[in-house]
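Below is final_17.cif, holding mmCIF, C-alpha atoms, pLDDT in the B column; chains and numbers go by the auth columns.
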```cif
data_entry
#
loop_
_atom_site.group_PDB
_atom_site.id
_atom_site.type_symbol
_atom_site.label_atom_id
_atom_site.label_comp_id
_atom_site.label_asym_id
_atom_site.label_seq_id
_atom_site.Cartn_x
_atom_site.Cartn_y
_atom_site.Cartn_z
_atom_site.B_iso_or_equiv
_atom_site.auth_seq_id
_atom_site.auth_asym_id
ATOM 1 C CA MET A 1 138.265 137.253 155.436 54.00 15 O
ATOM 2 C CA GLY A 2 140.975 138.794 157.620 72.00 16 O
ATOM 3 C CA GLY A 3 138.823 138.544 160.733 83.00 17 O
ATOM 4 C CA TRP A 4 137.953 134.926 159.920 84.00 18 O
ATOM 5 C CA LEU A 5 141.629 134.006 159.592 83.00 19 O
ATOM 6 C CA THR A 6 142.528 135.842 162.785 87.00 20 O
ATOM 7 C CA LEU A 7 139.930 133.966 164.831 89.00 21 O
ATOM 8 C CA LEU A 8 140.925 130.631 163.303 89.00 22 O
ATOM 9 C CA ALA A 9 144.605 131.268 164.042 87.00 23 O
ATOM 10 C CA GLU A 10 143.809 132.283 167.627 89.00 24 O
ATOM 11 C CA ALA A 11 141.674 129.175 168.114 90.00 25 O
ATOM 12 C CA ALA A 12 144.364 126.887 166.676 88.00 26 O
ATOM 13 C CA THR A 13 147.321 128.398 168.547 86.00 27 O
ATOM 14 C CA GLY A 14 145.713 129.671 171.734 88.00 28 O
ATOM 15 C CA ALA A 15 147.583 132.963 171.311 85.00 29 O
ATOM 16 C CA GLU A 16 146.357 136.432 170.445 86.00 30 O
ATOM 17 C CA MET A 17 147.162 137.234 166.833 81.00 31 O
ATOM 18 C CA VAL A 18 148.335 140.595 165.547 77.00 32 O
ATOM 19 C CA VAL A 19 147.338 141.097 161.922 73.00 33 O
ATOM 20 C CA GLU A 20 149.318 143.502 159.748 72.00 34 O
ATOM 21 C CA THR A 21 146.863 145.747 157.904 71.00 35 O
ATOM 22 C CA PHE A 22 149.517 147.876 156.120 74.00 36 O
ATOM 23 C CA LEU A 23 147.416 150.986 156.721 75.00 37 O
ATOM 24 C CA ASP A 24 150.498 152.843 157.964 76.00 38 O
ATOM 25 C CA ARG A 25 152.773 151.754 155.095 76.00 39 O
ATOM 26 C CA ALA A 26 153.274 154.301 152.348 78.00 40 O
ATOM 27 C CA GLY A 27 155.808 152.374 150.263 78.00 41 O
ATOM 28 C CA PRO A 28 156.343 148.838 148.951 77.00 42 O
ATOM 29 C CA VAL A 29 155.928 145.918 151.357 74.00 43 O
ATOM 30 C CA CYS A 30 157.964 142.713 151.227 72.00 44 O
ATOM 31 C CA PHE A 31 155.970 139.468 151.460 66.00 45 O
ATOM 32 C CA GLU A 32 158.935 137.096 151.320 62.00 46 O
ATOM 33 C CA GLU A 33 158.280 135.491 154.706 61.00 47 O
ATOM 34 C CA ALA A 34 154.627 134.833 153.864 59.00 48 O
ATOM 35 C CA VAL A 35 155.577 133.344 150.501 52.00 49 O
ATOM 36 C CA LEU A 36 158.192 131.100 152.104 49.00 50 O
ATOM 37 C CA PHE A 37 155.687 129.889 154.667 54.00 51 O
ATOM 38 C CA ARG A 38 153.193 129.033 151.952 53.00 52 O
ATOM 39 C CA ARG A 39 155.768 127.088 149.965 54.00 53 O
ATOM 40 C CA GLN A 40 156.569 124.941 152.977 60.00 54 O
ATOM 41 C CA MET A 41 153.177 123.195 152.623 67.00 55 O
ATOM 42 C CA GLN A 42 154.647 121.284 149.698 69.00 56 O
ATOM 43 C CA GLY A 43 156.999 119.479 152.054 73.00 57 O
ATOM 44 C CA LEU A 44 154.199 118.040 154.194 79.00 58 O
ATOM 45 C CA SER A 45 152.907 114.528 153.622 86.00 59 O
ATOM 46 C CA ARG A 46 149.201 113.958 153.060 86.00 60 O
ATOM 47 C CA GLU A 47 148.828 112.616 156.590 89.00 61 O
ATOM 48 C CA ARG A 48 150.644 115.596 158.121 88.00 62 O
ATOM 49 C CA LEU A 49 148.442 117.999 156.149 89.00 63 O
ATOM 50 C CA ARG A 50 145.284 116.232 157.237 91.00 64 O
ATOM 51 C CA GLY A 51 146.528 116.190 160.794 91.00 65 O
ATOM 52 C CA ALA A 52 146.985 119.974 160.623 90.00 66 O
ATOM 53 C CA PHE A 53 143.441 120.417 159.307 92.00 67 O
ATOM 54 C CA ASP A 54 142.136 118.110 162.043 93.00 68 O
ATOM 55 C CA LEU A 55 143.874 120.214 164.687 93.00 69 O
ATOM 56 C CA MET A 56 142.436 123.492 163.359 92.00 70 O
ATOM 57 C CA ARG A 57 138.974 121.929 163.117 93.00 71 O
ATOM 58 C CA ARG A 58 139.071 120.577 166.651 93.00 72 O
ATOM 59 C CA LYS A 59 140.419 123.805 168.161 93.00 73 O
ATOM 60 C CA ALA A 60 137.890 125.987 166.313 93.00 74 O
ATOM 61 C CA ARG A 61 135.020 123.768 167.425 94.00 75 O
ATOM 62 C CA ALA A 62 136.202 123.877 171.024 93.00 76 O
ATOM 63 C CA ARG A 63 136.443 127.674 170.932 92.00 77 O
ATOM 64 C CA CYS A 64 132.918 127.920 169.536 92.00 78 O
ATOM 65 C CA GLY A 65 131.401 125.470 172.005 91.00 79 O
ATOM 66 C CA VAL A 66 130.680 122.759 169.443 89.00 80 O
ATOM 67 C CA VAL A 67 130.347 119.298 170.964 80.00 81 O
ATOM 68 C CA ASP A 68 131.667 116.615 168.632 69.00 82 O
ATOM 69 C CA VAL A 69 129.099 113.941 167.808 63.00 83 O
ATOM 70 C CA PRO A 70 130.603 110.754 166.341 57.00 84 O
ATOM 71 C CA PRO A 71 129.810 110.664 162.605 58.00 85 O
ATOM 72 C CA GLY A 72 127.086 108.140 161.899 57.00 86 O
ATOM 73 C CA ALA A 73 125.562 108.419 165.372 54.00 87 O
ATOM 74 C CA GLY A 74 121.779 108.328 165.422 49.00 88 O
ATOM 75 C CA ASN A 75 120.775 111.958 164.993 48.00 89 O
ATOM 76 C CA GLY A 76 117.729 112.281 162.812 48.00 90 O
ATOM 77 C CA THR A 77 117.948 116.081 162.822 49.00 91 O
ATOM 78 C CA ARG A 78 120.512 118.769 163.541 51.00 92 O
ATOM 79 C CA GLY A 79 119.106 118.920 167.043 45.00 93 O
ATOM 80 C CA GLY A 80 120.205 115.361 167.735 45.00 94 O
ATOM 81 C CA ALA A 81 116.791 113.694 167.949 47.00 95 O
ATOM 82 C CA ALA A 82 116.800 109.919 167.818 50.00 96 O
ATOM 83 C CA GLY A 83 116.297 108.335 164.435 54.00 97 O
ATOM 84 C CA PRO A 84 118.201 107.219 161.357 52.00 98 O
ATOM 85 C CA PRO A 85 121.479 109.022 160.637 62.00 99 O
ATOM 86 C CA ALA A 86 120.621 112.338 159.005 86.00 100 O
ATOM 87 C CA VAL A 87 122.168 113.672 155.836 95.00 101 O
ATOM 88 C CA ARG A 88 122.664 117.284 156.823 96.00 102 O
ATOM 89 C CA VAL A 89 122.748 119.471 153.721 97.00 103 O
ATOM 90 C CA THR A 90 123.766 123.126 153.904 97.00 104 O
ATOM 91 C CA LEU A 91 123.086 125.618 151.129 97.00 105 O
ATOM 92 C CA LEU A 92 125.619 128.355 151.898 96.00 106 O
ATOM 93 C CA LEU A 93 124.496 131.165 149.623 95.00 107 O
ATOM 94 C CA ARG A 94 125.654 134.630 148.648 90.00 108 O
ATOM 95 C CA ARG A 95 124.019 137.882 147.665 91.00 109 O
ATOM 96 C CA GLY A 96 125.267 139.937 144.740 88.00 110 O
ATOM 97 C CA ALA A 97 128.372 138.674 142.949 87.00 111 O
ATOM 98 C CA ARG A 98 128.318 134.922 142.228 90.00 112 O
ATOM 99 C CA ALA A 99 124.922 134.480 143.820 93.00 113 O
ATOM 100 C CA PHE A 100 122.368 132.241 142.129 95.00 114 O
ATOM 101 C CA LYS A 101 120.094 134.201 139.811 94.00 115 O
ATOM 102 C CA ASP A 102 117.045 132.260 141.013 95.00 116 O
ATOM 103 C CA GLU A 103 117.830 131.230 144.567 96.00 117 O
ATOM 104 C CA THR A 104 114.292 129.995 145.180 96.00 118 O
ATOM 105 C CA ALA A 105 114.452 127.580 142.257 97.00 119 O
ATOM 106 C CA VAL A 106 117.845 126.259 143.360 97.00 120 O
ATOM 107 C CA ARG A 107 116.621 125.707 146.909 97.00 121 O
ATOM 108 C CA ARG A 108 113.541 123.921 145.608 97.00 122 O
ATOM 109 C CA VAL A 109 115.622 121.435 143.591 98.00 123 O
ATOM 110 C CA PHE A 110 117.862 120.441 146.489 98.00 124 O
ATOM 111 C CA GLU A 111 115.052 120.365 149.042 97.00 125 O
ATOM 112 C CA LYS A 112 113.037 118.085 146.749 97.00 126 O
ATOM 113 C CA GLU A 113 115.920 115.642 146.315 97.00 127 O
ATOM 114 C CA CYS A 114 116.718 115.744 150.024 97.00 128 O
ATOM 115 C CA ALA A 115 113.105 114.834 150.805 96.00 129 O
ATOM 116 C CA ARG A 116 113.599 111.585 148.872 96.00 130 O
ATOM 117 C CA VAL A 117 116.308 110.471 151.344 95.00 131 O
ATOM 118 C CA ALA A 118 115.135 109.337 154.778 92.00 132 O
ATOM 119 C CA GLY A 119 116.536 111.563 157.507 92.00 133 O
ATOM 120 C CA CYS A 120 117.832 114.231 155.113 95.00 134 O
ATOM 121 C CA VAL A 121 117.489 117.863 156.203 95.00 135 O
ATOM 122 C CA VAL A 122 118.391 121.101 154.394 96.00 136 O
ATOM 123 C CA THR A 123 119.540 124.315 156.036 96.00 137 O
ATOM 124 C CA THR A 124 119.910 127.515 154.022 97.00 138 O
ATOM 125 C CA ALA A 125 122.198 130.309 155.208 96.00 139 O
ATOM 126 C CA HIS A 126 123.719 133.450 153.705 95.00 140 O
ATOM 127 C CA THR A 127 127.338 134.363 154.228 89.00 141 O
ATOM 128 C CA ASP A 128 126.670 138.034 154.936 89.00 142 O
ATOM 129 C CA ASN A 129 124.888 137.455 158.240 89.00 143 O
ATOM 130 C CA LEU A 130 127.040 134.723 159.809 93.00 144 O
ATOM 131 C CA THR A 131 129.739 135.345 162.398 93.00 145 O
ATOM 132 C CA PHE A 132 132.836 133.152 162.598 93.00 146 O
ATOM 133 C CA TYR A 133 131.162 131.245 165.423 94.00 147 O
ATOM 134 C CA ASP A 134 127.992 130.769 163.361 94.00 148 O
ATOM 135 C CA GLN A 135 130.037 129.376 160.488 94.00 149 O
ATOM 136 C CA VAL A 136 131.911 126.904 162.689 95.00 150 O
ATOM 137 C CA ARG A 137 128.691 125.650 164.274 95.00 151 O
ATOM 138 C CA LEU A 138 126.853 125.397 160.956 95.00 152 O
ATOM 139 C CA LEU A 139 129.580 123.557 159.073 96.00 153 O
ATOM 140 C CA SER A 140 130.269 121.244 162.009 94.00 154 O
ATOM 141 C CA ALA A 141 126.697 120.027 161.476 93.00 155 O
ATOM 142 C CA THR A 142 127.015 119.660 157.696 95.00 156 O
ATOM 143 C CA ASP A 143 127.538 116.503 155.652 96.00 157 O
ATOM 144 C CA VAL A 144 127.020 118.060 152.206 97.00 158 O
ATOM 145 C CA LEU A 145 128.002 121.672 151.475 98.00 159 O
ATOM 146 C CA ILE A 146 126.393 123.283 148.412 98.00 160 O
ATOM 147 C CA THR A 147 127.847 126.696 147.603 97.00 161 O
ATOM 148 C CA PRO A 148 129.142 128.989 144.833 96.00 162 O
ATOM 149 C CA HIS A 149 132.864 129.389 144.274 95.00 163 O
ATOM 150 C CA ARG A 150 134.138 132.118 146.591 92.00 164 O
ATOM 151 C CA ALA A 151 135.913 132.554 149.924 91.00 165 O
ATOM 152 C CA GLN A 152 133.068 131.039 151.981 93.00 166 O
ATOM 153 C CA VAL A 153 133.964 127.590 150.597 95.00 167 O
ATOM 154 C CA THR A 154 136.924 127.702 153.009 94.00 168 O
ATOM 155 C CA ASN A 155 134.432 126.805 155.738 94.00 169 O
ATOM 156 C CA LEU A 156 134.607 123.204 154.524 95.00 170 O
ATOM 157 C CA LEU A 157 137.473 123.028 157.027 94.00 171 O
ATOM 158 C CA PHE A 158 134.949 122.662 159.864 95.00 172 O
ATOM 159 C CA MET A 159 133.119 119.636 158.457 95.00 173 O
ATOM 160 C CA TYR A 160 134.021 116.082 159.408 93.00 174 O
ATOM 161 C CA ARG A 161 136.379 114.211 157.152 93.00 175 O
ATOM 162 C CA ASN A 162 134.654 112.416 154.289 94.00 176 O
ATOM 163 C CA SER A 163 131.951 115.096 154.037 96.00 177 O
ATOM 164 C CA SER A 164 130.988 116.370 150.581 97.00 178 O
ATOM 165 C CA VAL A 165 131.307 119.668 148.699 97.00 179 O
ATOM 166 C CA MET A 166 129.357 120.704 145.573 98.00 180 O
ATOM 167 C CA GLU A 167 130.695 123.870 143.905 97.00 181 O
ATOM 168 C CA PHE A 168 129.224 126.267 141.310 97.00 182 O
ATOM 169 C CA TYR A 169 130.736 128.848 138.929 94.00 183 O
ATOM 170 C CA PRO A 170 129.428 131.613 136.636 91.00 184 O
ATOM 171 C CA LEU A 171 129.899 131.513 132.887 88.00 185 O
ATOM 172 C CA GLY A 172 133.484 132.154 131.784 84.00 186 O
ATOM 173 C CA TRP A 173 135.369 130.610 134.686 86.00 187 O
ATOM 174 C CA ARG A 174 135.939 127.225 133.106 84.00 188 O
ATOM 175 C CA GLN A 175 137.420 128.792 129.990 79.00 189 O
ATOM 176 C CA ARG A 176 139.372 131.693 131.479 80.00 190 O
ATOM 177 C CA ALA A 177 140.159 131.279 135.174 83.00 191 O
ATOM 178 C CA GLY A 178 143.031 128.808 134.895 84.00 192 O
ATOM 179 C CA SER A 179 144.026 126.241 137.489 87.00 193 O
ATOM 180 C CA GLY A 180 143.460 128.605 140.421 86.00 194 O
ATOM 181 C CA GLN A 181 139.725 127.983 140.199 91.00 195 O
ATOM 182 C CA PHE A 182 140.359 124.505 141.620 92.00 196 O
ATOM 183 C CA VAL A 183 141.770 125.790 144.917 92.00 197 O
ATOM 184 C CA TYR A 184 138.859 124.408 146.959 94.00 198 O
ATOM 185 C CA ARG A 185 139.075 121.064 145.207 95.00 199 O
ATOM 186 C CA TRP A 186 142.698 120.903 146.386 92.00 200 O
ATOM 187 C CA MET A 187 141.759 122.089 149.862 93.00 201 O
ATOM 188 C CA ALA A 188 139.024 119.465 150.145 95.00 202 O
ATOM 189 C CA ASP A 189 141.500 116.747 149.216 93.00 203 O
ATOM 190 C CA ARG A 190 144.068 117.987 151.735 91.00 204 O
ATOM 191 C CA ALA A 191 141.443 118.181 154.492 93.00 205 O
ATOM 192 C CA GLY A 192 140.072 114.697 153.791 93.00 206 O
ATOM 193 C CA MET A 193 136.771 115.832 152.243 95.00 207 O
ATOM 194 C CA ARG A 194 135.015 114.651 149.104 96.00 208 O
ATOM 195 C CA HIS A 195 134.838 117.293 146.390 97.00 209 O
ATOM 196 C CA GLU A 196 131.880 115.963 144.420 97.00 210 O
ATOM 197 C CA GLY A 197 132.567 118.039 141.326 96.00 211 O
ATOM 198 C CA SER A 198 131.665 121.455 139.966 96.00 212 O
ATOM 199 C CA TRP A 199 129.026 122.989 137.722 97.00 213 O
ATOM 200 C CA TRP A 200 129.979 125.803 135.352 95.00 214 O
ATOM 201 C CA ASP A 201 127.064 127.864 134.079 94.00 215 O
ATOM 202 C CA PRO A 202 127.078 127.475 130.261 92.00 216 O
ATOM 203 C CA HIS A 203 124.710 130.397 129.665 89.00 217 O
ATOM 204 C CA GLY A 204 125.004 134.177 129.834 80.00 218 O
ATOM 205 C CA GLU A 205 125.447 137.345 127.853 77.00 219 O
ATOM 206 C CA PRO A 206 128.728 137.618 125.934 73.00 220 O
ATOM 207 C CA CYS A 207 131.392 140.000 127.180 73.00 221 O
ATOM 208 C CA PRO A 208 132.480 142.971 125.066 69.00 222 O
ATOM 209 C CA GLY A 209 135.787 142.693 123.253 67.00 223 O
ATOM 210 C CA SER A 210 138.396 142.896 126.000 61.00 224 O
ATOM 211 C CA PRO A 211 141.848 141.367 126.508 59.00 225 O
ATOM 212 C CA ASP A 212 140.840 140.496 130.095 61.00 226 O
ATOM 213 C CA ILE A 213 137.602 138.616 129.539 61.00 227 O
ATOM 214 C CA LEU A 214 137.584 136.988 132.997 66.00 228 O
ATOM 215 C CA SER A 215 137.199 140.392 134.673 72.00 229 O
ATOM 216 C CA CYS A 216 133.901 140.709 132.809 77.00 230 O
ATOM 217 C CA TYR A 217 132.660 137.278 133.870 79.00 231 O
ATOM 218 C CA LYS A 218 134.273 137.053 137.307 82.00 232 O
ATOM 219 C CA SER A 219 131.469 138.380 139.487 83.00 233 O
ATOM 220 C CA ARG A 220 128.461 137.425 137.416 87.00 234 O
ATOM 221 C CA GLN A 221 125.581 135.558 138.955 92.00 235 O
ATOM 222 C CA ILE A 222 124.965 131.851 138.416 94.00 236 O
ATOM 223 C CA GLY A 223 122.033 130.219 136.654 94.00 237 O
ATOM 224 C CA HIS A 224 120.743 126.715 137.273 96.00 238 O
ATOM 225 C CA ASP A 225 119.931 123.464 135.496 96.00 239 O
ATOM 226 C CA GLU A 226 117.111 121.751 137.364 97.00 240 O
ATOM 227 C CA ALA A 227 117.526 118.332 135.752 97.00 241 O
ATOM 228 C CA TYR A 228 121.299 118.239 136.207 97.00 242 O
ATOM 229 C CA PHE A 229 121.181 119.544 139.780 97.00 243 O
ATOM 230 C CA ALA A 230 118.525 116.977 140.716 98.00 244 O
ATOM 231 C CA GLU A 231 120.473 114.032 139.291 98.00 245 O
ATOM 232 C CA TRP A 232 123.721 115.245 140.853 97.00 246 O
ATOM 233 C CA ALA A 233 122.124 115.828 144.256 98.00 247 O
ATOM 234 C CA ALA A 234 120.434 112.421 144.214 97.00 248 O
ATOM 235 C CA ARG A 235 123.809 110.704 143.772 97.00 249 O
ATOM 236 C CA VAL A 236 125.620 112.765 146.398 97.00 250 O
ATOM 237 C CA PHE A 237 122.851 112.557 149.022 97.00 251 O
ATOM 238 C CA ALA A 238 122.417 108.801 148.577 96.00 252 O
ATOM 239 C CA ALA A 239 126.161 108.196 148.907 96.00 253 O
ATOM 240 C CA ALA A 240 126.348 110.398 152.008 95.00 254 O
ATOM 241 C CA LYS A 241 123.467 108.494 153.586 94.00 255 O
ATOM 242 C CA GLU A 242 125.129 105.169 152.824 93.00 256 O
ATOM 243 C CA ARG A 243 128.378 106.306 154.444 91.00 257 O
ATOM 244 C CA LYS A 244 126.554 107.467 157.560 88.00 258 O
ATOM 245 C CA MET A 245 124.565 104.238 157.761 85.00 259 O
ATOM 246 C CA GLY A 246 127.852 102.357 157.597 82.00 260 O
ATOM 247 C CA GLY A 247 129.171 104.419 160.500 64.00 261 O
ATOM 248 C CA ALA A 248 126.006 103.793 162.511 52.00 262 O
ATOM 249 C CA ARG A 249 126.437 100.040 162.048 53.00 263 O
ATOM 250 C CA GLY A 250 129.795 100.271 163.757 44.00 264 O
ATOM 251 C CA ALA A 251 131.987 100.284 160.680 41.00 265 O
ATOM 252 C CA PRO A 252 133.209 103.886 160.317 41.00 266 O
ATOM 253 C CA PRO A 253 135.388 104.603 157.288 41.00 267 O
ATOM 254 C CA VAL A 254 139.144 104.543 157.754 40.00 268 O
ATOM 255 C CA GLU A 255 139.274 108.325 157.375 43.00 269 O
ATOM 256 C CA ARG A 256 136.972 108.730 160.400 42.00 270 O
ATOM 257 C CA LEU A 257 139.244 106.551 162.513 40.00 271 O
ATOM 258 C CA ARG A 258 142.282 108.552 161.451 41.00 272 O
ATOM 259 C CA GLU A 259 140.538 111.809 162.332 44.00 273 O
ATOM 260 C CA ALA A 260 139.656 110.513 165.787 43.00 274 O
ATOM 261 C CA ALA A 261 143.267 109.501 166.365 42.00 275 O
ATOM 262 C CA ALA A 262 144.622 112.814 165.102 43.00 276 O
ATOM 263 C CA CYS A 263 142.363 114.801 167.425 41.00 277 O
ATOM 264 C CA LYS A 264 143.907 113.268 170.548 43.00 278 O
ATOM 265 C CA CYS A 265 146.813 115.675 170.214 36.00 279 O
ATOM 266 C CA THR A 266 147.024 118.845 172.317 35.00 280 O
#
```
Any chance you could put this one into structure tokens?
Amino acid sequence: MGGWLTLLAEAATGAEMVVETFLDRAGPVCFEEAVLFRRQMQGLSRERLRGAFDLMRRKARARCGVVDVPPGAGNGTRGGAAGPPAVRVTLLLRRGARAFKDETAVRRVFEKECARVAGCVVTTAHTDNLTFYDQVRLLSATDVLITPHRAQVTNLLFMYRNSSVMEFYPLGWRQRAGSGQFVYRWMADRAGMRHEGSWWDPHGEPCPGSPDILSCYKSRQIGHDEAYFAEWAARVFAAAKERKMGGARGAPPVERLREAAACKCT
């Protein structure tokens, strides 16, 4: 994650970043400046926050050679072929902790529902073999992000405003993780995305008696519910297609217009 943040900061500021690794520090380290900086976000209006996300998105795309295509433009596939506006779905998957137990079954559900929507395409990628540049390019061409709860959800930053996120958790998170588990829901709202909800796996082996039950559940893998996933995907994909059709007819949502205006800054 440190390398990802470094490259994003360099893209956004145009300056080389020096990251403190603390490898040469033997004693306590004071984080007061970092904490103060984080608290200052609370003083920003919604529009200022979204403007900041727009700037980071635009700068990262420019650094990675991504050419912005107006949302809703006729691009039947990720390659830009002519046709109805595509719904570009990305399954951003993990291996090991918080991976889906049956990845093949999960892919099959979403691919089947995508096939019911004209122009819908699904791309599957794994986080462990993507560079920062790969992630920027992939998410810049994503309308619906489907992914388990973990750091890779931060890549929603690179999608266009009004894009969608579907998030998944292992058993135990809903009951034990507290409000911090909603961090990407908050981020999506601040960045102008649509967080389409979450699914918490209701099944799994019980944890042994422990005062810290979340540590037992935290890195478990995630099951699936074919019927629920199919119904959920059908709603999200259809809504995404409708929004893109609206943009293609020359009536882009207000959020798209605001993003275009915000990206004129230098």
Report, in Å to a single decimal, how far apart CA of Val136 in chain O and CA of Ser233 in chain O are.
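Between CA of Ser233 in chain O and CA of Val136 in chain O the gap works out to 26.3 Å.
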Taking the file as shown, find all residues satisfying the PyMOL selection byres ((chain O and resi 173-189) around 7) and write them as an NGL selection string.
:O and (112 or 153-154 or 156-163 or 170-172 or 190-191 or 205-218 or 228 or 231 or 234-236 or 269-270)
Those same residues, written as a PDB file, in the frame of the given file with C-alpha atoms?
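Ended up saving to selection.pdb:
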```
ATOM      1  CA  ARG O 112     128.318 134.922 142.228  1.00 90.00           C
ATOM      2  CA  LEU O 153     129.580 123.557 159.073  1.00 96.00           C
ATOM      3  CA  SER O 154     130.269 121.244 162.009  1.00 94.00           C
ATOM      4  CA  THR O 156     127.015 119.660 157.696  1.00 95.00           C
ATOM      5  CA  ASP O 157     127.538 116.503 155.652  1.00 96.00           C
ATOM      6  CA  VAL O 158     127.020 118.060 152.206  1.00 97.00           C
ATOM      7  CA  LEU O 159     128.002 121.672 151.475  1.00 98.00           C
ATOM      8  CA  ILE O 160     126.393 123.283 148.412  1.00 98.00           C
ATOM      9  CA  THR O 161     127.847 126.696 147.603  1.00 97.00           C
ATOM     10  CA  PRO O 162     129.142 128.989 144.833  1.00 96.00           C
ATOM     11  CA  HIS O 163     132.864 129.389 144.274  1.00 95.00           C
ATOM     12  CA  LEU O 170     134.607 123.204 154.524  1.00 95.00           C
ATOM     13  CA  LEU O 171     137.473 123.028 157.027  1.00 94.00           C
ATOM     14  CA  PHE O 172     134.949 122.662 159.864  1.00 95.00           C
ATOM     15  CA  ARG O 190     139.372 131.693 131.479  1.00 80.00           C
ATOM     16  CA  ALA O 191     140.159 131.279 135.174  1.00 83.00           C
ATOM     17  CA  ALA O 205     141.443 118.181 154.492  1.00 93.00           C
ATOM     18  CA  GLY O 206     140.072 114.697 153.791  1.00 93.00           C
ATOM     19  CA  MET O 207     136.771 115.832 152.243  1.00 95.00           C
ATOM     20  CA  ARG O 208     135.015 114.651 149.104  1.00 96.00           C
ATOM     21  CA  HIS O 209     134.838 117.293 146.390  1.00 97.00           C
ATOM     22  CA  GLU O 210     131.880 115.963 144.420  1.00 97.00           C
ATOM     23  CA  GLY O 211     132.567 118.039 141.326  1.00 96.00           C
ATOM     24  CA  SER O 212     131.665 121.455 139.966  1.00 96.00           C
ATOM     25  CA  TRP O 213     129.026 122.989 137.722  1.00 97.00           C
ATOM     26  CA  TRP O 214     129.979 125.803 135.352  1.00 95.00           C
ATOM     27  CA  ASP O 215     127.064 127.864 134.079  1.00 94.00           C
ATOM     28  CA  PRO O 216     127.078 127.475 130.261  1.00 92.00           C
ATOM     29  CA  HIS O 217     124.710 130.397 129.665  1.00 89.00           C
ATOM     30  CA  GLY O 218     125.004 134.177 129.834  1.00 80.00           C
ATOM     31  CA  LEU O 228     137.584 136.988 132.997  1.00 66.00           C
ATOM     32  CA  TYR O 231     132.660 137.278 133.870  1.00 79.00           C
ATOM     33  CA  ARG O 234     128.461 137.425 137.416  1.00 87.00           C
ATOM     34  CA  GLN O 235     125.581 135.558 138.955  1.00 92.00           C
ATOM     35  CA  ILE O 236     124.965 131.851 138.416  1.00 94.00           C
ATOM     36  CA  GLU O 269     139.274 108.325 157.375  1.00 43.00           C
ATOM     37  CA  ARG O 270     136.972 108.730 160.400  1.00 42.00           C
TER      38      ARG O 270
END
```
Need to verify the contact set: Thr27 in chain O, 9 Å, only C-alpha atoms, exclusion of same-chain residues closer than 5 positions in sequence. Can you return it as a VMD selection string?
chain O and resid 22 70 73
Counting only C-alpha atoms, the residue of O:Thr145, O:Thr138, O:Ser229, O:Ser193 that sits nearest Leu107 in chain O:
O:Thr138
To verify the selection step, state as a PyMOL selection string which residues the PyMOL selection byres ((chain O and resi 198) around 10) yields on this input.
chain O and resi 163-165+167-168+170+179+181+194-197+199-204+209
Do a neighbour search on Lys255 in chain O at 10 Å with only C-alpha atoms, toss out local chain neighbours closer than 2 positions, and write the hits as a VMD selection string.
chain O and resid 86 98 to 102 131 to 134 157 250 to 253 257 to 261
